[in-house]
$ cat upload-v7.pdb   # PDB, C-alpha atoms
ATOM      1  CA  MET A   1     -18.239 -16.871  -1.459
ATOM      2  CA  ARG A   2     -19.081 -13.162  -1.355
ATOM      3  CA  PHE A   3     -16.388 -10.720  -2.439
ATOM      4  CA  ALA A   4     -16.417  -6.935  -2.096
ATOM      5  CA  VAL A   5     -14.261  -4.607  -4.184
ATOM      6  CA  THR A   6     -13.818  -1.177  -2.581
ATOM      7  CA  VAL A   7     -14.053   1.829  -4.879
ATOM      8  CA  PHE A   8     -12.373   5.126  -4.026
ATOM      9  CA  PRO A   9     -12.351   8.282  -6.135
ATOM     10  CA  GLY A  10      -9.444   7.472  -8.459
ATOM     11  CA  SER A  11      -9.587   3.668  -8.266
ATOM     12  CA  ASN A  12      -9.074   2.302 -11.777
ATOM     13  CA  CYS A  13      -8.533  -1.457 -11.397
ATOM     14  CA  ASP A  14     -11.871  -2.100  -9.667
ATOM     15  CA  ILE A  15     -13.543  -3.316 -12.874
ATOM     16  CA  ASP A  16     -10.628  -5.693 -13.587
ATOM     17  CA  ALA A  17     -10.960  -7.162 -10.084
ATOM     18  CA  ILE A  18     -14.730  -7.542 -10.457
ATOM     19  CA  HIS A  19     -14.215  -9.250 -13.831
ATOM     20  CA  ALA A  20     -11.721 -11.706 -12.342
ATOM     21  CA  ILE A  21     -14.072 -12.688  -9.501
ATOM     22  CA  LYS A  22     -17.380 -12.713 -11.375
ATOM     23  CA  ASP A  23     -16.488 -13.949 -14.855
ATOM     24  CA  VAL A  24     -13.402 -16.064 -14.237
ATOM     25  CA  LEU A  25     -13.699 -17.316 -10.644
ATOM     26  CA  GLY A  26     -17.506 -17.419 -10.911
ATOM     27  CA  GLU A  27     -18.245 -16.054  -7.440
ATOM     28  CA  SER A  28     -20.427 -13.216  -6.180
ATOM     29  CA  VAL A  29     -18.845  -9.754  -6.121
ATOM     30  CA  THR A  30     -20.095  -6.286  -5.162
ATOM     31  CA  ALA A  31     -18.496  -2.898  -5.758
ATOM     32  CA  VAL A  32     -18.565  -0.949  -2.481
ATOM     33  CA  TRP A  33     -18.249   2.847  -2.517
ATOM     34  CA  HIS A  34     -15.708   4.254  -0.049
ATOM     35  CA  LYS A  35     -18.425   5.983   2.013
ATOM     36  CA  GLU A  36     -19.945   2.694   3.180
ATOM     37  CA  SER A  37     -18.516   1.339   6.400
ATOM     38  CA  ASP A  38     -20.451  -1.908   6.926
ATOM     39  CA  LEU A  39     -18.730  -4.785   5.134
ATOM     40  CA  SER A  40     -20.058  -7.486   7.463
ATOM     41  CA  LYS A  41     -21.872  -9.412   4.714
ATOM     42  CA  TYR A  42     -18.717 -10.107   2.689
ATOM     43  CA  ASP A  43     -16.258 -12.975   3.097
ATOM     44  CA  ALA A  44     -13.352 -11.304   1.319
ATOM     45  CA  ILE A  45     -12.439  -7.732   0.458
ATOM     46  CA  ILE A  46     -10.297  -6.556  -2.443
ATOM     47  CA  LEU A  47      -8.712  -3.095  -2.310
ATOM     48  CA  PRO A  48      -7.997  -2.487  -5.998
ATOM     49  CA  GLY A  49      -5.259  -0.577  -7.776
ATOM     50  CA  GLY A  50      -5.457   2.949  -9.078
ATOM     51  CA  PHE A  51      -4.745   6.441  -7.838
ATOM     52  CA  SER A  52      -7.118   6.995  -4.928
ATOM     53  CA  TYR A  53      -7.460  10.726  -4.222
ATOM     54  CA  GLY A  54      -4.949  11.409  -6.989
ATOM     55  CA  ASP A  55      -2.137  10.070  -4.783
ATOM     56  CA  TYR A  56      -2.311  13.428  -2.957
ATOM     57  CA  LEU A  57      -0.144  13.829   0.180
ATOM     58  CA  ARG A  58       1.158  10.226  -0.033
ATOM     59  CA  THR A  59      -0.122   7.225  -1.996
ATOM     60  CA  GLY A  60      -2.998   5.672  -0.059
ATOM     61  CA  ALA A  61      -2.828   8.225   2.777
ATOM     62  CA  LEU A  62      -6.220   9.862   2.215
ATOM     63  CA  ALA A  63      -8.042   6.636   1.311
ATOM     64  CA  ALA A  64      -6.751   5.140   4.571
ATOM     65  CA  HIS A  65      -9.128   7.457   6.446
ATOM     66  CA  SER A  66     -12.238   6.672   4.354
ATOM     67  CA  PRO A  67     -15.278   5.208   6.165
ATOM     68  CA  VAL A  68     -14.913   1.946   4.217
ATOM     69  CA  MET A  69     -11.570   1.325   5.894
ATOM     70  CA  GLU A  70     -13.358   0.913   9.236
ATOM     71  CA  GLY A  71     -15.184  -2.007   7.658
ATOM     72  CA  VAL A  72     -11.934  -3.361   6.250
ATOM     73  CA  ARG A  73     -10.292  -3.145   9.665
ATOM     74  CA  GLU A  74     -13.215  -4.994  11.276
ATOM     75  CA  ALA A  75     -13.137  -7.678   8.593
ATOM     76  CA  ALA A  76      -9.388  -8.131   9.081
ATOM     77  CA  GLU A  77      -9.841  -8.483  12.842
ATOM     78  CA  LYS A  78     -12.505 -11.141  12.298
ATOM     79  CA  GLY A  79     -10.097 -13.179  10.178
ATOM     80  CA  LYS A  80     -11.807 -12.488   6.855
ATOM     81  CA  LEU A  81      -9.574 -12.310   3.796
ATOM     82  CA  VAL A  82      -8.354  -8.855   2.732
ATOM     83  CA  ILE A  83      -6.127  -8.293  -0.272
ATOM     84  CA  GLY A  84      -4.684  -4.944  -1.315
ATOM     85  CA  ILE A  85      -3.331  -4.772  -4.848
ATOM     86  CA  CYS A  86      -0.940  -1.977  -5.876
ATOM     87  CA  ASN A  87      -2.695   1.181  -4.578
ATOM     88  CA  GLY A  88      -4.641  -1.180  -2.291
ATOM     89  CA  PHE A  89      -1.299  -2.338  -0.821
ATOM     90  CA  GLN A  90      -0.301   1.309  -0.308
ATOM     91  CA  ILE A  91      -3.609   1.918   1.512
ATOM     92  CA  LEU A  92      -3.068  -1.121   3.790
ATOM     93  CA  LEU A  93       0.376   0.245   4.718
ATOM     94  CA  GLU A  94      -1.079   3.684   5.490
ATOM     95  CA  THR A  95      -3.775   2.166   7.726
ATOM     96  CA  GLY A  96      -1.167   0.128   9.596
ATOM     97  CA  LEU A  97      -2.868  -3.178   8.747
ATOM     98  CA  LEU A  98       0.487  -4.105   7.212
ATOM     99  CA  PRO A  99       3.890  -2.847   8.416
ATOM    100  CA  GLY A 100       6.219  -0.567   6.439
ATOM    101  CA  ALA A 101       5.781   2.234   3.913
ATOM    102  CA  MET A 102       6.005   2.824   0.177
ATOM    103  CA  ARG A 103       8.525   5.091  -1.556
ATOM    104  CA  LYS A 104       8.855   6.250  -5.151
ATOM    105  CA  ASN A 105      10.558   3.706  -7.419
ATOM    106  CA  ASP A 106      14.323   4.127  -7.066
ATOM    107  CA  HIS A 107      14.672   5.000 -10.793
ATOM    108  CA  LEU A 108      11.790   7.541 -10.535
ATOM    109  CA  GLN A 109       9.965   6.035 -13.512
ATOM    110  CA  PHE A 110       6.540   4.521 -13.816
ATOM    111  CA  ARG A 111       7.170   0.832 -14.525
ATOM    112  CA  CYS A 112       4.742  -1.280 -16.516
ATOM    113  CA  SER A 113       5.957  -4.840 -17.168
ATOM    114  CA  ILE A 114       5.381  -8.507 -16.415
ATOM    115  CA  PRO A 115       8.049  -9.505 -13.890
ATOM    116  CA  THR A 116       8.658 -13.005 -12.595
ATOM    117  CA  LEU A 117       7.780 -13.511  -8.939
ATOM    118  CA  ARG A 118       8.806 -16.289  -6.589
ATOM    119  CA  VAL A 119       6.159 -17.644  -4.212
ATOM    120  CA  GLU A 120       8.041 -17.553  -0.894
ATOM    121  CA  ASN A 121       5.316 -18.932   1.344
ATOM    122  CA  ASN A 122       2.504 -21.165   0.097
ATOM    123  CA  GLU A 123       1.010 -21.713   3.542
ATOM    124  CA  THR A 124      -1.407 -18.781   3.363
ATOM    125  CA  PRO A 125      -5.056 -18.558   2.265
ATOM    126  CA  PHE A 126      -3.860 -16.656  -0.821
ATOM    127  CA  THR A 127      -1.131 -19.003  -2.019
ATOM    128  CA  LEU A 128      -2.078 -22.533  -0.962
ATOM    129  CA  GLN A 129      -2.506 -23.709  -4.569
ATOM    130  CA  TYR A 130       0.994 -22.565  -5.559
ATOM    131  CA  ARG A 131       4.142 -24.566  -4.845
ATOM    132  CA  GLU A 132       6.727 -23.027  -2.529
ATOM    133  CA  GLY A 133       9.383 -21.468  -4.741
ATOM    134  CA  GLU A 134       7.085 -21.505  -7.783
ATOM    135  CA  LEU A 135       7.948 -18.868 -10.380
ATOM    136  CA  ILE A 136       4.932 -16.971 -11.663
ATOM    137  CA  GLN A 137       4.387 -14.040 -13.987
ATOM    138  CA  ILE A 138       2.139 -11.251 -12.745
ATOM    139  CA  PRO A 139       2.066  -7.753 -14.288
ATOM    140  CA  ILE A 140       3.017  -4.587 -12.449
ATOM    141  CA  ALA A 141       2.143  -0.953 -13.226
ATOM    142  CA  HIS A 142       3.280   1.539 -10.620
ATOM    143  CA  MET A 143       5.385   4.569  -9.719
ATOM    144  CA  GLU A 144       5.566   3.877  -5.982
ATOM    145  CA  GLY A 145       6.294   0.231  -5.320
ATOM    146  CA  ASN A 146       9.586   0.696  -3.529
ATOM    147  CA  TYR A 147       8.639  -1.067  -0.292
ATOM    148  CA  TYR A 148      10.521   0.039   2.802
ATOM    149  CA  CYS A 149      10.635  -1.047   6.418
ATOM    150  CA  ASP A 150      13.314  -0.780   9.090
ATOM    151  CA  GLU A 151      15.723  -3.617   9.901
ATOM    152  CA  VAL A 152      13.771  -4.767  12.956
ATOM    153  CA  THR A 153      10.539  -5.040  10.964
ATOM    154  CA  LEU A 154      12.301  -6.820   8.100
ATOM    155  CA  ALA A 155      13.751  -9.401  10.498
ATOM    156  CA  GLU A 156      10.277  -9.921  11.922
ATOM    157  CA  LEU A 157       8.738 -10.340   8.443
ATOM    158  CA  LYS A 158      11.355 -12.998   7.651
ATOM    159  CA  ARG A 159      11.011 -14.801  10.969
ATOM    160  CA  ASN A 160       7.221 -14.999  10.674
ATOM    161  CA  LYS A 161       7.367 -15.927   6.965
ATOM    162  CA  GLN A 162       5.296 -12.867   6.088
ATOM    163  CA  ILE A 163       7.156 -12.223   2.839
ATOM    164  CA  ILE A 164       4.850 -13.928   0.349
ATOM    165  CA  PHE A 165       6.202 -12.817  -3.042
ATOM    166  CA  ARG A 166       9.648 -11.611  -4.104
ATOM    167  CA  TYR A 167      10.791 -10.379  -7.521
ATOM    168  CA  ALA A 168      12.775 -13.315  -8.885
ATOM    169  CA  GLY A 169      14.577 -11.426 -11.655
ATOM    170  CA  GLU A 170      15.365  -7.736 -11.855
ATOM    171  CA  ASN A 171      13.826  -5.766  -8.991
ATOM    172  CA  PRO A 172      11.595  -3.241 -10.833
ATOM    173  CA  ASN A 173      11.358  -0.609  -8.073
ATOM    174  CA  GLY A 174      14.202  -0.956  -5.544
ATOM    175  CA  SER A 175      12.079  -2.520  -2.794
ATOM    176  CA  ILE A 176      13.923  -3.748   0.277
ATOM    177  CA  ASP A 177      14.887  -7.441   0.048
ATOM    178  CA  ASP A 178      13.148  -7.659  -3.396
ATOM    179  CA  ILE A 179       9.768  -7.703  -1.665
ATOM    180  CA  ALA A 180       6.719  -7.771  -3.969
ATOM    181  CA  GLY A 181       4.083  -8.797  -1.416
ATOM    182  CA  ILE A 182       3.701  -9.313   2.342
ATOM    183  CA  CYS A 183       0.977 -10.514   4.686
ATOM    184  CA  ASN A 184       0.115  -9.801   8.309
ATOM    185  CA  ARG A 185       1.001 -12.206  11.139
ATOM    186  CA  ASN A 186      -2.430 -13.837  10.993
ATOM    187  CA  ARG A 187      -2.011 -14.533   7.247
ATOM    188  CA  ASN A 188      -5.437 -13.083   6.369
ATOM    189  CA  VAL A 189      -4.319  -9.678   5.064
ATOM    190  CA  LEU A 190      -2.122  -9.600   1.949
ATOM    191  CA  GLY A 191      -0.625  -6.605   0.173
ATOM    192  CA  MET A 192       1.135  -6.907  -3.179
ATOM    193  CA  MET A 193       2.290  -4.529  -5.909
ATOM    194  CA  PRO A 194       1.728  -6.957  -8.850
ATOM    195  CA  HIS A 195      -1.802  -7.283 -10.249
ATOM    196  CA  PRO A 196      -3.107 -10.884 -10.069
ATOM    197  CA  GLU A 197      -6.483  -9.727 -11.461
ATOM    198  CA  ARG A 198      -4.699  -8.825 -14.719
ATOM    199  CA  ALA A 199      -3.319 -12.356 -15.089
ATOM    200  CA  VAL A 200      -6.367 -14.602 -15.032
ATOM    201  CA  CYS A 201      -6.669 -15.709 -18.705
ATOM    202  CA  ASP A 202      -4.017 -16.890 -21.148
ATOM    203  CA  TRP A 203      -4.891 -14.117 -23.614
ATOM    204  CA  MET A 204      -3.827 -11.587 -20.967
ATOM    205  CA  GLY A 205      -0.266 -12.855 -21.328
ATOM    206  CA  SER A 206      -0.399 -14.915 -18.132
ATOM    207  CA  SER A 207      -3.014 -16.733 -16.104
ATOM    208  CA  ASP A 208      -0.697 -17.232 -13.122
ATOM    209  CA  GLY A 209      -2.761 -14.873 -10.955
ATOM    210  CA  MET A 210      -5.792 -17.152 -11.084
ATOM    211  CA  LYS A 211      -4.450 -19.532  -8.442
ATOM    212  CA  LEU A 212      -4.418 -16.685  -5.941
ATOM    213  CA  PHE A 213      -8.190 -16.344  -6.252
ATOM    214  CA  THR A 214      -8.861 -20.092  -6.404
ATOM    215  CA  SER A 215      -6.670 -20.450  -3.286
ATOM    216  CA  MET A 216      -8.869 -17.930  -1.466
ATOM    217  CA  LEU A 217     -11.978 -19.837  -2.556
ATOM    218  CA  GLN A 218     -10.530 -23.196  -1.489
ATOM    219  CA  TYR A 219      -9.504 -21.773   1.900
ATOM    220  CA  TRP A 220     -12.951 -20.312   2.422
ATOM    221  CA  LYS A 221     -14.759 -23.542   1.455
ATOM    222  CA  GLU A 222     -12.541 -25.616   3.746
ATOM    223  CA  ASN A 223     -13.045 -23.279   6.692
ATOM    224  CA  TYR A 224     -16.567 -21.942   6.262
ATOM    225  CA  GLY A 225     -18.429 -24.697   4.420
ATOM    226  CA  ALA A 226     -19.977 -24.794   0.961
ATOM    227  CA  ALA A 227     -19.946 -21.839  -1.420
TER     228      ALA A 227
ATOM    229  CA  MET B   1      -6.349  32.846  13.800
ATOM    230  CA  PHE B   2      -3.157  30.871  13.767
ATOM    231  CA  LYS B   3      -1.038  29.821  10.851
ATOM    232  CA  ALA B   4       0.952  26.619  11.127
ATOM    233  CA  THR B   5       3.812  26.010   8.748
ATOM    234  CA  ILE B   6       4.586  22.323   8.707
ATOM    235  CA  PHE B   7       7.692  20.713   7.264
ATOM    236  CA  VAL B   8       7.638  17.024   6.394
ATOM    237  CA  THR B   9      10.963  15.448   5.486
ATOM    238  CA  LEU B  10      12.229  11.940   4.820
ATOM    239  CA  LYS B  11      14.147  10.370   7.692
ATOM    240  CA  ASP B  12      17.919  10.380   7.241
ATOM    241  CA  SER B  13      17.914   6.582   7.024
ATOM    242  CA  VAL B  14      15.539   6.629   4.027
ATOM    243  CA  LEU B  15      17.045   7.098   0.569
ATOM    244  CA  ASP B  16      15.485   9.998  -1.341
ATOM    245  CA  PRO B  17      15.578   9.062  -5.062
ATOM    246  CA  GLN B  18      14.238  12.493  -6.075
ATOM    247  CA  GLY B  19      16.993  14.197  -4.101
ATOM    248  CA  VAL B  20      19.612  12.003  -5.775
ATOM    249  CA  ALA B  21      18.232  12.877  -9.231
ATOM    250  CA  VAL B  22      18.171  16.612  -8.448
ATOM    251  CA  LYS B  23      21.738  16.432  -7.127
ATOM    252  CA  GLY B  24      22.779  14.901 -10.462
ATOM    253  CA  SER B  25      21.101  17.749 -12.376
ATOM    254  CA  LEU B  26      22.744  20.380 -10.145
ATOM    255  CA  HIS B  27      26.126  18.758 -10.800
ATOM    256  CA  SER B  28      25.532  18.831 -14.536
ATOM    257  CA  LEU B  29      24.687  22.549 -14.244
ATOM    258  CA  GLY B  30      28.105  23.079 -12.707
ATOM    259  CA  PHE B  31      27.128  23.266  -9.019
ATOM    260  CA  VAL B  32      29.789  20.713  -8.174
ATOM    261  CA  GLN B  33      29.891  21.775  -4.507
ATOM    262  CA  VAL B  34      26.515  20.106  -3.891
ATOM    263  CA  GLN B  35      27.029  17.100  -1.628
ATOM    264  CA  ASP B  36      23.464  16.082  -0.890
ATOM    265  CA  VAL B  37      19.866  17.050  -1.700
ATOM    266  CA  ARG B  38      16.820  16.013   0.308
ATOM    267  CA  ILE B  39      13.314  16.912  -0.856
ATOM    268  CA  GLY B  40      10.463  17.474   1.565
ATOM    269  CA  LYS B  41       7.076  19.152   1.793
ATOM    270  CA  ARG B  42       5.897  22.389   3.319
ATOM    271  CA  LEU B  43       2.249  22.666   4.316
ATOM    272  CA  GLU B  44       0.479  25.834   5.444
ATOM    273  CA  VAL B  45      -2.541  25.264   7.654
ATOM    274  CA  LEU B  46      -4.826  28.035   8.895
ATOM    275  CA  LEU B  47      -6.557  27.274  12.209
ATOM    276  CA  ASP B  48      -9.321  29.018  14.117
ATOM    277  CA  SER B  49      -8.010  27.868  17.524
ATOM    278  CA  GLU B  50      -8.576  29.391  20.961
ATOM    279  CA  SER B  51      -4.894  29.729  21.789
ATOM    280  CA  ARG B  52      -1.418  29.043  20.491
ATOM    281  CA  GLU B  53      -1.173  26.022  22.814
ATOM    282  CA  GLN B  54      -4.371  24.553  21.425
ATOM    283  CA  ALA B  55      -3.236  25.191  17.843
ATOM    284  CA  GLU B  56       0.095  23.468  18.503
ATOM    285  CA  GLU B  57      -1.627  20.522  20.112
ATOM    286  CA  GLN B  58      -3.900  20.136  17.073
ATOM    287  CA  VAL B  59      -1.061  20.457  14.588
ATOM    288  CA  GLN B  60       0.934  17.834  16.466
ATOM    289  CA  ALA B  61      -2.056  15.450  16.290
ATOM    290  CA  MET B  62      -2.617  16.169  12.570
ATOM    291  CA  CYS B  63       1.000  15.368  11.785
ATOM    292  CA  GLU B  64       0.885  12.124  13.753
ATOM    293  CA  LYS B  65      -2.430  10.977  12.273
ATOM    294  CA  LEU B  66      -2.182  12.027   8.649
ATOM    295  CA  LEU B  67       0.294  14.620   7.448
ATOM    296  CA  ALA B  68       3.475  12.590   8.045
ATOM    297  CA  ASN B  69       4.094   8.863   7.818
ATOM    298  CA  PRO B  70       6.151   7.970  10.915
ATOM    299  CA  VAL B  71       7.713   4.956   9.143
ATOM    300  CA  ILE B  72       9.660   7.097   6.688
ATOM    301  CA  GLU B  73       9.111  10.757   7.589
ATOM    302  CA  ASN B  74       9.896  13.332  10.278
ATOM    303  CA  PHE B  75       7.929  16.507  10.837
ATOM    304  CA  ALA B  76       8.455  19.917  12.396
ATOM    305  CA  TYR B  77       6.212  22.962  12.594
ATOM    306  CA  GLU B  78       5.981  26.606  13.527
ATOM    307  CA  VAL B  79       2.768  28.271  14.696
ATOM    308  CA  GLU B  80       2.211  32.028  14.449
ATOM    309  CA  GLU B  81      -0.758  34.209  15.236
ATOM    310  CA  VAL B  82      -2.213  35.981  12.209
ATOM    311  CA  ALA B  83      -4.894  38.621  11.870
TER     312      ALA B  83
END
$ encode --input "upload-v7.pdb" --output "structure tokens"
Amino acid sequence: MRFAVTVFPGSNCDIDAIHAIKDVLGESVTAVWHKESDLSKYDAIILPGGFSYGDYLRTGALAAHSPVMEGVREAAEKGKLVIGICNGFQILLETGLLPGAMRKNDHLQFRCSIPTLRVENNETPFTLQYREGELIQIPIAHMEGNYYCDEVTLAELKRNKQIIFRYAGENPNGSIDDIAGICNRNRNVLGMMPHPERAVCDWMGSSDGMKLFTSMLQYWKENYGAA
Amino acid sequence: MFKATIFVTLKDSVLDPQGVAVKGSLHSLGFVQVQDVRIGKRLEVLLDSESREQAEEQVQAMCEKLLANPVIENFAYEVEEVA
């Protein structure tokens, strides 16, 4: 399976994502600079965390108009797997590939911790190896993770089971309905504030993020043949 | 040349945590009359447009495409001719 990790000026979790795919999952991965727009040779795309364009204007707003996002949009339309982590989630919201918007954390502090998440829907390419309701520990590190959408959108997210992860304990940012991660209606685009790539080995404090990547690999093998 | 002054503000339905924090500080400074604070952005954009109408049209498009996020923000602008 061929992964791409997009790199914007200010991305800083790209190396962590590459490490998780190459050294832990054992699959092929390529760093793709934001000026490239052809992503057709990749099976999955990771938009990593960081501070693209210094978070200027709004988090993710300037990256959303990079050439590479045309390739991401095409990949998403073709049903390829796209995951946005932290700043990557913010970028997916700004492009409209996922509904809603991100606000500053309600306490106005940067929060770095390892919260417990509940897997709300395990019938997605990203979560099929988790149990529904499984409690997992995945680190967060963000200032703007306070997910917001209007009531109509929230009802739609619930009805379509698009809420994939919720904070199971204390909500670290004030997000609506304790949302930590959502997917699109087709289930092939996921955005989440927690960092699964930072929880792939026991020495990291948790390896609970690994099943997200092995789920993607299993889904891809089952649907597109051998790796 | 035209100068557009653009104001981007959070929608009334969206809580502004910065505004709440600033209100608290104003109260502690003794400005107890303060009922509410909302923080927004002001952008100044200089345009080499043919006419005021064209400048306004472009500013409207810029706000819709990039400068404001319609999910949480409203925008307003003024356009004036400058030398």
$ closest_residue --input "upload-v7.pdb" --among "B:Lys41, B:Ser49, B:Glu57, B:Gly30" --to "chain A" --atoms "all atoms listed in the file"
B:Lys41
$ interface_residues --input "upload-v7.pdb" --of "chain A" --to "chain B" --cutoff "7 Å" --atoms "all atoms listed in the file" --output "list in words"
Gly100, Ala101, Asp106 and Leu108 of chain A
$ resolve_selection --input "upload-v7.pdb" --expression "the PyMOL selection byres ((chain B and resi 46) around 8)" --output "PyMOL selection string"
chain B and resi 1-4+44-45+47-48
$ residues_around --input "upload-v7.pdb" --residues "Ile176 (chain A)" --least-positions-apart "4" --cutoff "10 Å" --atoms "all atoms listed in the file" --output "ChimeraX atom specification"
/A:146-151,154,166,171,180
$ write_last_selection --input "upload-v7.pdb" --atoms "C-alpha atoms" --output "mmCIF file, keeping the file's coordinate frame"
data_model
loop_
_atom_site.group_PDB
_atom_site.id
_atom_site.type_symbol
_atom_site.label_atom_id
_atom_site.label_comp_id
_atom_site.auth_asym_id
_atom_site.auth_seq_id
_atom_site.Cartn_x
_atom_site.Cartn_y
_atom_site.Cartn_z
ATOM 1 C CA ASN A 146 9.586 0.696 -3.529
ATOM 2 C CA TYR A 147 8.639 -1.067 -0.292
ATOM 3 C CA TYR A 148 10.521 0.039 2.802
ATOM 4 C CA CYS A 149 10.635 -1.047 6.418
ATOM 5 C CA ASP A 150 13.314 -0.780 9.090
ATOM 6 C CA GLU A 151 15.723 -3.617 9.901
ATOM 7 C CA LEU A 154 12.301 -6.820 8.100
ATOM 8 C CA ARG A 166 9.648 -11.611 -4.104
ATOM 9 C CA ASN A 171 13.826 -5.766 -8.991
ATOM 10 C CA ALA A 180 6.719 -7.771 -3.969
#
$ atom_distance --input "upload-v7.pdb" --atom1 "CA of Ser113 (chain A)" --atom2 "CA of Gly49 (chain A)"
15.2 Å
$ axis_aligned_box --input "upload-v7.pdb" --around "region 122-127 of chain A" --padding-each-side "4 Å" --output "AutoDock Vina command-line options"
--center_x -1.3 --center_y -19.2 --center_z 0.8 --size_x 15.6 --size_y 13.1 --size_z 13.6
$ atom_distance --input "upload-v7.pdb" --atom1 "CA of Cys13 (chain A)" --atom2 "CA of Thr59 (chain A)"
15.3 Å
$ residues_around --input "upload-v7.pdb" --residues "Phe3 (chain A)" --least-positions-apart "6" --cutoff "8 Å" --atoms "only C-alpha atoms" --output "ChimeraX atom specification"
/A:21,27-30,42-46
$ closest_residue --input "upload-v7.pdb" --among "A:Phe8, A:Ile138, A:Pro99, A:Ser66" --to "Met204 (chain A)" --atoms "all atoms listed in the file"
A:Ile138
$ residues_around --input "upload-v7.pdb" --residues "Arg52 (chain B)" --least-positions-apart "4" --cutoff "8 Å" --atoms "all atoms listed in the file" --output "JSON, numbers by chain"
{"B": [2, 56, 79, 80, 81]}
$ resolve_selection --input "upload-v7.pdb" --expression "the PyMOL selection byres ((chain A and resi 137) around 8)" --output "list in words"
Ile114, Pro115, Thr116, Leu117, Leu135, Ile136, Ile138, Pro139, Ala199, Ser206, Asp208 and Gly209 of chain A
$ write_last_selection --input "upload-v7.pdb" --atoms "C-alpha atoms" --output "PDB file, keeping the file's coordinate frame"
ATOM      1  CA  ILE A 114       5.381  -8.507 -16.415  1.00  0.00           C
ATOM      2  CA  PRO A 115       8.049  -9.505 -13.890  1.00  0.00           C
ATOM      3  CA  THR A 116       8.658 -13.005 -12.595  1.00  0.00           C
ATOM      4  CA  LEU A 117       7.780 -13.511  -8.939  1.00  0.00           C
ATOM      5  CA  LEU A 135       7.948 -18.868 -10.380  1.00  0.00           C
ATOM      6  CA  ILE A 136       4.932 -16.971 -11.663  1.00  0.00           C
ATOM      7  CA  ILE A 138       2.139 -11.251 -12.745  1.00  0.00           C
ATOM      8  CA  PRO A 139       2.066  -7.753 -14.288  1.00  0.00           C
ATOM      9  CA  ALA A 199      -3.319 -12.356 -15.089  1.00  0.00           C
ATOM     10  CA  SER A 206      -0.399 -14.915 -18.132  1.00  0.00           C
ATOM     11  CA  ASP A 208      -0.697 -17.232 -13.122  1.00  0.00           C
ATOM     12  CA  GLY A 209      -2.761 -14.873 -10.955  1.00  0.00           C
TER      13      GLY A 209
END
$ closest_residue --input "upload-v7.pdb" --among "A:Val119, A:Leu47, A:Ile163, A:Val200" --to "Thr6 (chain A)" --atoms "all atoms listed in the file"
A:Leu47
$ residues_around --input "upload-v7.pdb" --residues "Thr9 (chain B)" --least-positions-apart "2" --cutoff "8 Å" --atoms "only C-alpha atoms" --output "NGL selection string"
:B and (7 or 11 or 38-41 or 73-75)
$ write_last_selection --input "upload-v7.pdb" --atoms "C-alpha atoms" --output "PDB file, in the coordinates of the input"
ATOM      1  CA  PHE B   7       7.692  20.713   7.264  1.00  0.00           C
ATOM      2  CA  LYS B  11      14.147  10.370   7.692  1.00  0.00           C
ATOM      3  CA  ARG B  38      16.820  16.013   0.308  1.00  0.00           C
ATOM      4  CA  ILE B  39      13.314  16.912  -0.856  1.00  0.00           C
ATOM      5  CA  GLY B  40      10.463  17.474   1.565  1.00  0.00           C
ATOM      6  CA  LYS B  41       7.076  19.152   1.793  1.00  0.00           C
ATOM      7  CA  GLU B  73       9.111  10.757   7.589  1.00  0.00           C
ATOM      8  CA  ASN B  74       9.896  13.332  10.278  1.00  0.00           C
ATOM      9  CA  PHE B  75       7.929  16.507  10.837  1.00  0.00           C
TER      10      PHE B  75
END
$ resolve_selection --input "upload-v7.pdb" --expression "the PyMOL selection byres ((chain A and resi 67) around 8)" --output "list in words"
His34, Lys35, Glu36, Ser37, His65, Ser66, Val68, Met69, Glu70 and Gly71 of chain A
$ atom_distance --input "upload-v7.pdb" --atom1 "CA of Ala75 (chain A)" --atom2 "CA of Thr95 (chain A)"
13.6 Å
$ residues_around --input "upload-v7.pdb" --residues "Leu57 (chain A)" --least-positions-apart "3" --cutoff "12 Å" --atoms "all atoms listed in the file" --output "PyMOL selection string"
(chain A and resi 51-54+60-64+94) or (chain B and resi 8+40-43+63+66-69)
